[in-house]
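Containing mmCIF, C-alpha atoms: query-v5.cif.
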```
data_start
loop_
_atom_site.label_atom_id
_atom_site.label_comp_id
_atom_site.auth_asym_id
_atom_site.auth_seq_id
_atom_site.Cartn_x
_atom_site.Cartn_y
_atom_site.Cartn_z
CA MET A 17 35.91 -65.51 -60.81
CA LEU A 18 35.42 -62.17 -62.62
CA GLY A 19 32.00 -62.99 -64.02
CA GLY A 20 30.75 -64.36 -60.72
CA LYS A 21 28.16 -62.81 -58.46
CA LEU A 22 29.11 -60.35 -55.78
CA THR A 23 28.79 -61.65 -52.27
CA ALA A 24 26.60 -59.83 -49.72
CA ALA A 25 29.70 -58.57 -47.96
CA SER A 26 31.11 -57.27 -51.22
CA THR A 27 27.83 -55.49 -51.96
CA LEU A 28 27.89 -53.72 -48.60
CA LYS A 29 31.46 -52.66 -49.22
CA VAL A 30 30.50 -51.21 -52.61
CA VAL A 31 27.55 -49.29 -51.13
CA ALA A 32 29.69 -47.96 -48.30
CA ALA A 33 32.32 -46.88 -50.78
CA VAL A 34 29.75 -45.04 -52.91
CA VAL A 35 28.28 -43.30 -49.87
CA GLY A 36 31.75 -42.38 -48.74
CA VAL A 37 32.57 -40.90 -52.13
CA LEU A 38 29.32 -38.95 -52.15
CA THR A 39 29.98 -37.66 -48.65
CA LEU A 40 33.48 -36.64 -49.56
CA SER A 41 32.18 -35.07 -52.75
CA ILE A 42 29.56 -33.01 -50.92
CA GLY A 43 32.02 -32.08 -48.20
CA GLY A 44 34.64 -31.19 -50.76
CA ALA A 45 32.18 -29.17 -52.79
CA TRP A 46 31.17 -27.33 -49.60
CA THR A 47 34.78 -26.64 -48.71
CA ALA A 48 35.53 -25.52 -52.25
CA GLY A 49 32.60 -23.16 -52.18
CA LEU A 50 30.64 -25.04 -54.86
CA ILE A 51 27.78 -25.62 -52.44
CA GLY A 52 26.51 -22.49 -50.71
CA ALA A 53 25.71 -22.39 -47.01
CA PRO A 54 22.01 -22.35 -46.11
CA ALA A 55 21.12 -19.58 -43.69
CA VAL A 56 18.25 -18.56 -41.42
CA ALA A 57 16.62 -15.57 -43.11
CA GLY A 58 14.02 -14.91 -40.43
CA VAL A 59 11.87 -16.31 -37.63
CA GLU A 60 8.23 -15.55 -36.95
CA ASN A 61 6.53 -16.56 -33.70
CA ARG A 62 2.97 -16.59 -32.45
CA PHE A 63 1.29 -17.90 -29.34
CA GLY A 64 -0.91 -20.94 -29.81
CA ASP A 65 -2.98 -22.79 -27.23
CA VAL A 66 -2.40 -21.86 -23.62
CA ASN A 67 -3.47 -23.22 -20.25
CA GLU A 68 -2.22 -22.72 -16.71
CA THR A 69 0.49 -25.35 -17.21
CA ALA A 70 1.94 -24.69 -20.66
CA THR A 71 1.98 -22.20 -23.52
CA THR A 72 2.35 -23.26 -27.15
CA ILE A 73 4.65 -21.19 -29.35
CA GLU A 74 4.07 -21.66 -33.07
CA SER A 75 7.12 -20.67 -35.11
CA GLU A 76 8.07 -20.43 -38.75
CA VAL A 77 11.79 -20.50 -39.50
CA ILE A 78 12.63 -19.17 -42.97
CA ILE A 79 15.76 -20.76 -44.45
CA THR A 80 17.49 -19.49 -47.57
CA ASN A 81 19.18 -22.00 -49.92
CA PRO A 82 21.59 -20.34 -52.38
CA ASN A 83 22.00 -23.55 -54.38
CA PRO A 84 20.12 -24.56 -57.57
CA VAL A 85 19.29 -27.95 -56.03
CA SER A 86 17.32 -28.90 -52.95
CA LEU A 87 19.21 -30.12 -49.91
CA ARG A 88 18.28 -33.02 -47.64
CA LEU A 89 21.59 -33.79 -46.02
CA ALA A 90 22.10 -36.39 -43.33
CA GLY A 91 21.81 -34.77 -39.93
CA LEU A 92 20.44 -31.45 -41.25
CA ALA A 93 18.40 -30.07 -38.38
CA ILE A 94 17.09 -26.92 -36.72
CA ASP A 95 17.60 -26.10 -33.05
CA TYR A 96 15.41 -23.43 -31.47
CA ALA A 97 15.28 -21.63 -28.12
CA VAL A 98 13.53 -18.64 -26.55
CA GLU A 99 15.09 -16.78 -23.62
CA MET A 100 13.75 -13.86 -21.60
CA ASN A 101 16.31 -11.98 -19.51
CA GLY A 102 18.58 -15.01 -19.77
CA ILE A 103 15.88 -17.42 -18.55
CA ARG A 104 15.33 -20.31 -20.98
CA MET A 105 11.55 -20.25 -21.53
CA ALA A 106 11.18 -22.74 -24.41
CA THR A 107 13.30 -25.07 -26.51
CA GLY A 108 12.56 -27.18 -29.57
CA GLY A 109 13.89 -28.40 -32.86
CA ARG A 110 13.39 -30.52 -35.91
CA GLU A 111 15.49 -33.24 -37.54
CA GLY A 112 15.73 -34.25 -41.19
CA VAL A 113 14.95 -30.83 -42.64
CA LYS A 114 14.61 -30.53 -46.42
CA ILE A 115 15.49 -27.20 -47.98
CA GLU A 116 13.99 -26.39 -51.37
CA GLN A 117 16.21 -25.29 -54.24
CA GLN A 118 17.45 -21.73 -54.55
CA GLY A 119 15.12 -19.64 -52.50
CA ASN A 120 13.35 -19.57 -49.16
CA SER A 121 11.86 -22.55 -47.36
CA THR A 122 9.49 -22.10 -44.41
CA ILE A 123 9.95 -24.72 -41.71
CA PRO A 124 7.14 -24.86 -39.10
CA LEU A 125 8.09 -25.58 -35.50
CA THR A 126 6.06 -26.00 -32.32
CA THR A 127 7.67 -25.47 -28.94
CA MET A 128 6.18 -25.56 -25.47
CA MET A 129 6.83 -23.05 -22.72
CA ALA A 130 6.38 -24.26 -19.14
CA ASN A 131 4.34 -21.63 -17.32
CA GLU A 132 6.10 -22.51 -14.08
CA LYS A 133 8.95 -20.34 -15.37
CA LEU A 134 6.76 -17.22 -15.38
CA PRO A 135 7.51 -16.16 -11.76
CA ALA A 136 11.27 -16.23 -12.40
CA TRP A 137 10.83 -14.17 -15.56
CA TRP A 138 8.48 -11.72 -13.83
CA ALA A 139 10.96 -11.20 -10.98
CA SER A 140 13.71 -10.46 -13.52
CA HIS A 141 11.41 -8.08 -15.41
CA VAL A 142 10.66 -6.05 -12.28
CA ARG A 143 14.27 -6.06 -11.06
CA ASN A 144 15.33 -4.82 -14.49
CA GLY A 145 13.11 -1.74 -14.31
CA GLU A 146 10.21 -3.44 -16.17
CA ASN A 147 12.46 -4.32 -19.09
CA THR A 148 12.94 -7.71 -20.71
CA SER A 149 15.42 -8.73 -23.38
CA LEU A 150 13.82 -11.44 -25.51
CA VAL A 151 16.39 -13.56 -27.38
CA ILE A 152 15.50 -16.12 -30.05
CA ASP A 153 18.25 -18.54 -31.11
CA ALA A 154 17.54 -20.48 -34.31
CA SER A 155 20.41 -22.55 -35.71
CA ILE A 156 20.85 -24.90 -38.68
CA ARG A 157 23.36 -27.66 -38.17
CA SER A 158 24.62 -30.50 -40.36
CA GLU A 159 26.52 -33.47 -39.00
CA MET A 160 27.75 -34.39 -42.49
CA LEU A 161 29.17 -30.99 -43.24
CA ASP A 162 30.22 -30.25 -39.68
CA ARG A 163 28.82 -26.75 -39.95
CA SER A 164 26.25 -24.71 -38.04
CA PHE A 165 24.65 -21.32 -38.61
CA GLU A 166 23.33 -19.57 -35.53
CA PRO A 167 21.63 -16.22 -36.01
CA GLN A 168 20.29 -14.51 -32.91
CA ILE A 169 17.15 -12.38 -32.92
CA THR A 170 16.55 -9.97 -30.05
CA ARG A 171 13.60 -7.84 -29.00
CA SER A 172 12.97 -5.49 -26.11
CA ILE A 173 9.88 -5.74 -23.90
CA ASN A 174 9.10 -2.66 -21.83
CA THR A 175 6.21 -1.89 -19.50
CA SER A 176 5.48 0.82 -16.93
CA ILE A 177 2.95 -0.84 -14.66
CA ILE A 178 4.16 1.01 -11.57
CA ALA A 179 3.22 4.30 -13.24
CA ALA A 180 -0.43 3.48 -12.54
CA PHE A 181 0.18 4.21 -8.87
CA ASN A 182 1.59 7.70 -9.31
CA SER A 183 -0.76 10.68 -9.20
CA ASP A 184 -0.58 14.27 -7.98
CA GLU A 185 -4.25 15.19 -8.35
CA ASP A 186 -6.45 16.17 -5.42
CA HIS A 187 -9.08 13.55 -4.68
CA PRO A 188 -11.87 14.07 -2.09
CA ILE A 189 -12.58 11.19 0.31
CA GLU A 190 -16.18 10.90 1.49
CA ALA A 191 -17.54 8.90 4.41
CA ASN A 192 -21.24 9.25 3.48
CA GLN A 193 -22.28 9.40 7.14
CA PRO A 194 -25.02 11.81 8.31
CA ALA A 195 -22.95 12.98 11.31
CA LEU A 196 -19.92 13.89 9.20
CA LEU A 197 -19.26 16.68 6.74
CA ASP A 198 -17.82 15.38 3.46
CA PRO A 199 -15.17 15.31 2.30
CA VAL A 200 -13.71 13.91 5.48
CA LEU A 201 -10.23 13.69 3.91
CA TRP A 202 -8.32 14.85 0.85
CA LEU A 203 -5.99 12.55 -0.98
CA ASN A 204 -3.44 14.97 -2.41
CA SER A 205 -1.03 12.59 -4.11
CA THR A 206 0.05 8.98 -4.32
CA SER A 207 3.23 7.24 -5.36
CA GLY A 208 4.26 3.65 -5.84
CA SER A 209 7.57 1.87 -6.29
CA TRP A 210 8.64 -1.74 -6.59
CA GLY A 211 9.92 -3.23 -3.35
CA GLU A 212 11.41 -6.68 -2.80
CA VAL A 213 10.64 -9.26 -5.46
CA ASP A 214 11.32 -12.98 -5.68
CA ASN A 215 9.66 -16.00 -7.24
CA GLU A 216 6.93 -16.00 -4.57
CA THR A 217 5.90 -12.38 -4.05
CA THR A 218 6.30 -8.89 -5.46
CA GLU A 219 6.13 -5.91 -3.13
CA ILE A 220 4.67 -2.55 -4.13
CA ASP A 221 5.54 0.23 -1.68
CA MET A 222 2.80 2.86 -1.60
CA ALA A 223 2.68 6.36 -0.15
CA PHE A 224 -0.55 8.37 0.27
CA ASP A 225 -0.50 12.11 1.10
CA LEU A 226 -3.67 12.71 3.13
CA TYR A 227 -4.96 16.06 4.36
CA ASN A 228 -7.38 16.38 7.31
CA PRO A 229 -9.80 19.32 6.81
CA ASN A 230 -11.64 18.61 10.09
CA PRO A 231 -11.31 20.61 13.35
CA ALA A 232 -10.21 17.51 15.25
CA PRO A 233 -7.71 14.71 14.60
CA ILE A 234 -8.67 11.52 12.86
CA VAL A 235 -6.90 8.17 13.04
CA ILE A 236 -6.34 5.74 10.18
CA SER A 237 -6.03 2.32 11.79
CA ASN A 238 -5.18 0.35 8.66
CA LEU A 239 -5.13 0.39 4.88
CA GLY A 240 -6.53 -2.45 2.80
CA TYR A 241 -6.11 -3.32 -0.85
CA GLU A 242 -7.08 -5.74 -3.62
CA ILE A 243 -5.14 -6.10 -6.88
CA ARG A 244 -6.81 -7.67 -9.91
CA MET A 245 -5.42 -8.38 -13.38
CA ASN A 246 -8.14 -9.35 -15.86
CA ASN A 247 -10.29 -10.12 -12.80
CA VAL A 248 -7.69 -12.56 -11.46
CA VAL A 249 -6.99 -11.58 -7.84
CA MET A 250 -3.22 -11.17 -7.69
CA GLY A 251 -3.09 -9.95 -4.11
CA ALA A 252 -5.25 -8.74 -1.23
CA GLY A 253 -4.61 -7.75 2.35
CA SER A 254 -4.27 -4.90 4.82
CA THR A 255 -1.69 -3.11 6.91
CA ASP A 256 -2.15 -2.59 10.65
CA LYS A 257 0.00 0.51 11.04
CA SER A 258 -1.97 3.32 12.70
CA THR A 259 -1.51 6.95 11.62
CA ALA A 260 -3.04 10.02 13.29
CA ILE A 261 -3.63 13.14 11.18
CA ALA A 262 -3.93 16.39 13.11
CA PRO A 263 -6.57 18.97 12.10
CA GLY A 264 -5.52 21.01 9.11
CA GLU A 265 -2.39 18.87 8.61
CA LEU A 266 -1.00 16.75 5.81
CA GLU A 267 0.41 13.31 6.61
CA THR A 268 1.99 10.65 4.43
CA VAL A 269 0.58 7.19 5.07
CA TYR A 270 2.69 4.25 3.92
CA ALA A 271 1.59 0.77 2.93
CA THR A 272 3.22 -2.25 1.31
CA THR A 273 1.07 -4.40 -0.95
CA LEU A 274 1.95 -7.88 -2.16
CA LEU A 275 1.43 -9.55 -5.53
CA GLU A 276 1.23 -13.32 -5.20
CA ASN A 277 3.43 -14.58 -8.04
CA GLU A 278 1.90 -18.05 -7.87
CA ASN A 279 -1.15 -16.51 -9.56
CA LEU A 280 0.85 -15.41 -12.60
CA ASP A 281 0.03 -18.58 -14.53
CA GLU A 282 -3.71 -17.95 -14.17
CA TRP A 283 -3.27 -14.32 -15.20
CA TRP A 284 -1.02 -15.30 -18.16
CA VAL A 285 -3.81 -17.41 -19.67
CA THR A 286 -6.21 -14.46 -19.59
CA HIS A 287 -3.55 -12.12 -20.99
CA LEU A 288 -2.97 -14.26 -24.08
CA GLN A 289 -6.64 -15.12 -24.56
CA ASN A 290 -7.39 -11.40 -24.40
CA ASN A 291 -4.99 -10.68 -27.28
CA GLN A 292 -2.10 -9.87 -24.93
CA THR A 293 -4.12 -7.24 -23.08
CA THR A 294 -4.55 -6.89 -19.32
CA HIS A 295 -6.83 -4.59 -17.36
CA LEU A 296 -5.15 -3.82 -14.04
CA GLU A 297 -7.34 -2.68 -11.13
CA VAL A 298 -6.13 -1.79 -7.65
CA GLU A 299 -8.61 -0.77 -4.94
CA PHE A 300 -7.51 0.81 -1.67
CA TYR A 301 -9.67 1.37 1.39
CA ALA A 302 -8.98 2.83 4.83
CA GLN A 303 -10.32 2.01 8.27
CA VAL A 304 -10.77 5.46 9.84
CA ASP A 305 -11.73 6.49 13.39
CA PHE A 306 -13.95 9.59 13.26
CA SER A 307 -14.92 9.55 16.96
CA ALA A 308 -13.21 12.93 17.55
CA ILE A 309 -15.62 14.60 15.14
CA GLY A 310 -18.84 12.82 16.09
CA GLY A 311 -18.60 9.68 14.00
CA GLY A 312 -17.48 6.10 14.52
CA THR A 313 -14.85 3.86 13.01
CA THR A 314 -15.74 3.00 9.47
CA ARG A 315 -14.21 1.60 6.32
CA ILE A 316 -14.14 4.06 3.44
CA PRO A 317 -12.90 3.73 -0.15
CA LEU A 318 -9.59 5.53 -0.54
CA ASP A 319 -8.80 5.30 -4.24
CA THR A 320 -8.95 3.04 -7.29
CA TYR A 321 -6.21 2.71 -9.89
CA GLU A 322 -6.79 1.32 -13.35
CA GLN A 323 -4.41 0.66 -16.19
CA THR A 324 -4.53 -1.18 -19.51
CA ILE A 325 -1.38 -3.12 -20.29
CA GLU A 326 -0.80 -4.34 -23.84
CA THR A 327 2.11 -6.47 -25.04
CA ASP A 328 3.28 -7.72 -28.41
CA MET A 329 5.81 -10.29 -27.31
CA PHE A 330 6.95 -11.45 -30.74
CA GLY A 331 5.99 -8.40 -32.81
CA THR A 332 3.33 -10.37 -34.71
CA LYS A 333 0.13 -9.49 -32.84
CA GLY A 334 -1.12 -7.38 -35.75
CA ALA A 335 -0.54 -10.28 -38.11
CA ASN A 336 -2.52 -12.53 -35.79
CA GLU A 337 -5.48 -10.19 -35.89
CA SER A 338 -5.58 -9.18 -39.53
CA GLY A 339 -3.04 -11.28 -41.40
CA SER A 340 -0.79 -8.27 -41.95
CA GLU A 341 2.33 -7.12 -40.19
CA THR A 342 2.18 -4.73 -37.29
CA ASP A 343 3.13 -1.12 -37.88
CA SER A 344 5.97 -1.47 -35.43
CA GLY A 345 7.85 -4.39 -34.00
CA THR A 346 8.30 -2.50 -30.77
CA PRO A 347 6.01 -3.69 -27.97
CA THR A 348 3.58 -1.07 -26.71
CA GLU A 349 1.85 -0.57 -23.45
CA THR A 350 -1.29 1.47 -23.06
CA SER A 351 -1.92 3.06 -19.71
CA THR A 352 -4.83 4.93 -18.22
CA GLU A 353 -2.34 6.80 -16.08
CA THR A 354 0.22 9.41 -17.08
CA GLU A 355 3.67 7.84 -17.29
CA ASN A 356 6.58 9.37 -15.50
CA GLY A 357 9.38 8.32 -17.80
CA GLY A 358 9.50 4.56 -17.88
CA GLY A 359 8.26 3.61 -14.46
CA GLN A 360 10.69 5.53 -12.25
CA THR A 361 9.19 6.49 -8.94
CA GLU A 362 8.45 10.12 -8.27
CA SER A 363 8.46 11.52 -4.75
CA PRO A 364 4.99 12.59 -3.59
CA THR A 365 4.49 16.33 -3.63
CA ALA A 366 2.27 17.91 -0.99
CA LYS A 367 -0.55 20.00 -2.35
CA PRO A 368 -1.48 23.40 -0.95
CA THR A 369 -3.68 22.92 2.07
CA PRO A 370 -7.33 23.68 1.24
CA THR A 371 -8.75 26.60 3.27
CA PRO A 372 -12.38 27.37 4.09
CA THR A 373 -12.40 29.98 1.28
CA GLU A 374 -11.25 27.46 -1.26
CA THR A 375 -13.52 24.90 -2.81
CA PRO A 376 -11.35 22.10 -4.15
CA THR A 377 -12.81 20.43 -7.19
CA ALA A 378 -13.05 16.67 -7.07
CA SER A 379 -10.94 15.07 -9.73
CA PRO A 380 -11.86 11.74 -11.27
CA THR A 381 -9.50 8.80 -10.90
CA PRO A 382 -6.40 9.80 -12.85
CA THR A 383 -6.36 8.69 -16.45
CA GLY A 384 -3.82 9.09 -19.18
CA THR A 385 -2.16 7.52 -22.14
CA GLU A 386 1.03 5.56 -22.77
CA THR A 387 3.02 3.91 -25.44
CA ASP A 388 5.97 -3.07 -25.15
CA ASP A 389 7.01 -8.30 -27.00
CA GLY A 390 6.64 -7.51 -24.57
CA LEU A 391 5.01 -10.01 -18.65
CA LEU A 392 4.00 -8.64 -17.56
#
```
Take the structure in this file and express it as structure tokens.
Amino acid sequence: MLGGKLTAASTLKVVAAVVGVLTLSIGGAWTAGLIGAPAVAGVENRFGDVNETATTIESEVIITNPNPVSLRLAGLAIDYAVEMNGIRMATGGREGVKIEQQGNSTIPLTTMMANEKLPAWWASHVRNGENTSLVIDASIRSEMLDRSFEPQITRSINTSIIAAFNSDEDHPIEANQPALLDPVLWLNSTSGSWGEVDNETTEIDMAFDLYNPNPAPIVISNLGYEIRMNNVVMGAGSTDKSTAIAPGELETVYATTLLENENLDEWWVTHLQNNQTTHLEVEFYAQVDFSAIGGGTTRIPLDTYEQTIETDMFGTKGANESGSETDSGTPTETSTETENGGGQTESPTAKPTPTPTETPTASPTPTGTETDDGLL
């Protein structure tokens, strides 16, 4: 009967037909170019809360809508991922995104980075010459329109931590014993280079050029070290290799130090809480036998290396501090040592042997300056 009521089944059919027409209309308008494609105009990231287990990344994805109407299409969503040297550090997303009419919409996202991935990233950073490629993938996708838009944002993170271990300045070594004439040794130069690295440990191969000004040989029975980053002990130990230095001779003493990568999560917390700044300290000491010149075996400080490492992982550290953009999106690293061109190892150069007529001047621990997003 034409004037009768529609049945429930008929009603559902009508609604489905209307939705289908609307879907076809939107899809057809998209295909015909009547509806413009939304696009990701930019992404801004900052670190949020951090603990030894996880790091919060707060993001704002800016989406441009070229249309004069707002869009809230079925299945419109944002997918988000952060990779460092190809290692997926964080993923996230948001469903049911609404885009305001004709202009930019800022969509906030929160993603979590598992700090257990830090050792793998650190190993890749060291193997890659202290360089990291940070890649941010932010994509808009719509199931209804069967379209996706996937811009990729990349940044370069560069450090030169190993440069802190390179020095060619004379440094007097004193025993401070009444029976001995200081300096008992001269440290003429040092060099460091990365050794083997994996998810557990990072080796630093050290070389010390030591000159013996005494009339008799002395023996270095071992070298010890402690490495601290923001007062977190990253490694400590000693080597048992014995080296004898003849009177008036220069010898190169070698040692391999180890960073314990399992401590990276503890260090990472301090690095972020300290505005992405780390104070690196490395102390070396030597166990030396002075019995040939009237002394005993004693432990003496050999040298201390210090370096300040700053990163700006997402290029927004300046905005975090003052609400304004940084002068440069390029990460920077500040060092108290002179860099040697991006962390490449230089071969130690022997200094002229001091003679009794020369009075070498003690030099302070080498300091210098440097220029990172941006781990290490």
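Against the coordinates shown, the PyMOL selection byres ((chain A and resi 138-153) around 6) returns Tyr96, Ala97, Val98, Glu99, Met100, Asn101, Leu134, Pro135, Ala136, Trp137, Ala154, Gln168, Ile169, Thr170, Arg171, Ser172, Ile173, Asn174, Thr175, Val213 and Asp214 of chain A.
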(message) Taking the file as I've supplied it (selection: the PyMOL selection byres ((chain A and resi 182) around 7)), which residues are included? Please answer as an MDAnalysis selection string.
(response) chainID A and resid 179:181 183 206:208
Can you write just those residues out, C-alpha atoms, as a compact mmCIF listing (two decimals), in the frame of the given file?
```
# COMPACT_ATOMS: atom_id res chain seq x y z
CA ALA A 179 3.22 4.30 -13.24
CA ALA A 180 -0.43 3.48 -12.54
CA PHE A 181 0.18 4.21 -8.87
CA SER A 183 -0.76 10.68 -9.20
CA THR A 206 0.05 8.98 -4.32
CA SER A 207 3.23 7.24 -5.36
CA GLY A 208 4.26 3.65 -5.84
```
(message) Residues within 8 Å of Ser121 in chain A, please, as an MDAnalysis selection string. Count all atoms listed in the file; anything in the same chain fewer than 6 positions from it doesn't count.
(response) chainID A and resid 78:81 115
(request) For the structure shown, which residues end up in the PyMOL selection byres ((chain A and resi 220) around 9)? Put them as number ranges by chain, please? (result) A: 178, 208-212, 218-219, 221-222, 271-275
(message) Using Å and a single decimal, report how far CA of Gly240 in chain A sits from CA of Ser258 in chain A.
(response)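 Separation of CA of Ser258 in chain A and CA of Gly240 in chain A: 12.3 Å.
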(message) What does the structure give for the distance between CA of Ala262 in chain A and CA of Leu201 in chain A, in Å to one decimal?
(response)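 Answer for the CA of Ala262 in chain A to CA of Leu201 in chain A separation: 11.5 Å.
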(request) Determine, counting all atoms listed in the file, which protein, DNA and RNA residues have an atom within 8 Å of an atom of range 276-289 of chain A; residues of the same chain fewer than 5 positions away are not included. Present the result as an NGL selection string. (result) :A and (63 or 66-69 or 131-132 or 134-135 or 215-218 or 245-246 or 248-251 or 294)
(request) Tell me, in Å to one decimal, how far CA of Ser86 in chain A is from CA of Thr332 in chain A. (result)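 Separating CA of Ser86 in chain A from CA of Thr332 in chain A is a distance of 29.5 Å.
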If you take every atom of range 295-314 of chain A that the file lists and fit an axis-aligned box around them with 8 Å extra on each side, what centre and edge lengths come out in Å to one decimal, as AutoDock Vina command-line options?
```
--center_x -12.0 --center_y 5.0 --center_z 0.1 --size_x 29.7 --size_y 35.2 --size_z 50.9
```
(message) Report as JSON, numbers by chain all protein, DNA and RNA residues lying within 8 Å of Trp202 in chain A, evaluated on all atoms listed in the file, omitting residues in the same chain fewer than 3 positions from it.
(response) {"A": [186, 187, 188, 189, 199, 226, 227, 228, 229]}
How about completing range 122-140 of chain A with N, CA and C atoms and giving it to me as a compact mmCIF listing (two decimals), in the frame of the given file?
```txt
# COMPACT_ATOMS: atom_id res chain seq x y z
N THR A 122 10.08 -22.39 -45.72
CA THR A 122 9.49 -22.10 -44.41
C THR A 122 9.32 -23.40 -43.65
N ILE A 123 9.98 -23.51 -42.53
CA ILE A 123 9.95 -24.72 -41.71
C ILE A 123 9.12 -24.44 -40.46
N PRO A 124 7.96 -25.09 -40.29
CA PRO A 124 7.14 -24.86 -39.10
C PRO A 124 7.70 -25.61 -37.89
N LEU A 125 7.65 -24.97 -36.75
CA LEU A 125 8.09 -25.58 -35.50
C LEU A 125 7.06 -25.29 -34.42
N THR A 126 6.91 -26.22 -33.49
CA THR A 126 6.06 -26.00 -32.32
C THR A 126 6.89 -26.28 -31.08
N THR A 127 6.96 -25.31 -30.20
CA THR A 127 7.67 -25.47 -28.94
C THR A 127 6.72 -25.18 -27.79
N MET A 128 7.03 -25.73 -26.65
CA MET A 128 6.18 -25.56 -25.47
C MET A 128 6.94 -24.80 -24.39
N MET A 129 6.27 -23.82 -23.83
CA MET A 129 6.83 -23.05 -22.72
C MET A 129 6.15 -23.49 -21.43
N ALA A 130 6.93 -23.87 -20.44
CA ALA A 130 6.38 -24.26 -19.14
C ALA A 130 6.04 -23.00 -18.36
N ASN A 131 4.77 -22.84 -18.01
CA ASN A 131 4.34 -21.63 -17.32
C ASN A 131 4.92 -21.50 -15.91
N GLU A 132 5.49 -22.59 -15.40
CA GLU A 132 6.10 -22.51 -14.08
C GLU A 132 7.33 -21.60 -14.07
N LYS A 133 7.81 -21.24 -15.28
CA LYS A 133 8.95 -20.34 -15.37
C LYS A 133 8.54 -18.87 -15.33
N LEU A 134 7.23 -18.60 -15.36
CA LEU A 134 6.76 -17.22 -15.38
C LEU A 134 7.18 -16.42 -14.14
N PRO A 135 7.08 -16.96 -12.91
CA PRO A 135 7.51 -16.16 -11.76
C PRO A 135 8.96 -15.72 -11.83
N ALA A 136 9.86 -16.61 -12.29
CA ALA A 136 11.27 -16.23 -12.40
C ALA A 136 11.45 -15.13 -13.42
N TRP A 137 10.73 -15.24 -14.56
CA TRP A 137 10.83 -14.17 -15.56
C TRP A 137 10.27 -12.87 -15.00
N TRP A 138 9.11 -12.93 -14.37
CA TRP A 138 8.48 -11.72 -13.83
C TRP A 138 9.41 -11.02 -12.85
N ALA A 139 10.03 -11.79 -11.95
CA ALA A 139 10.96 -11.20 -10.98
C ALA A 139 12.10 -10.49 -11.70
N SER A 140 12.62 -11.10 -12.77
CA SER A 140 13.71 -10.46 -13.52
C SER A 140 13.22 -9.21 -14.23
```
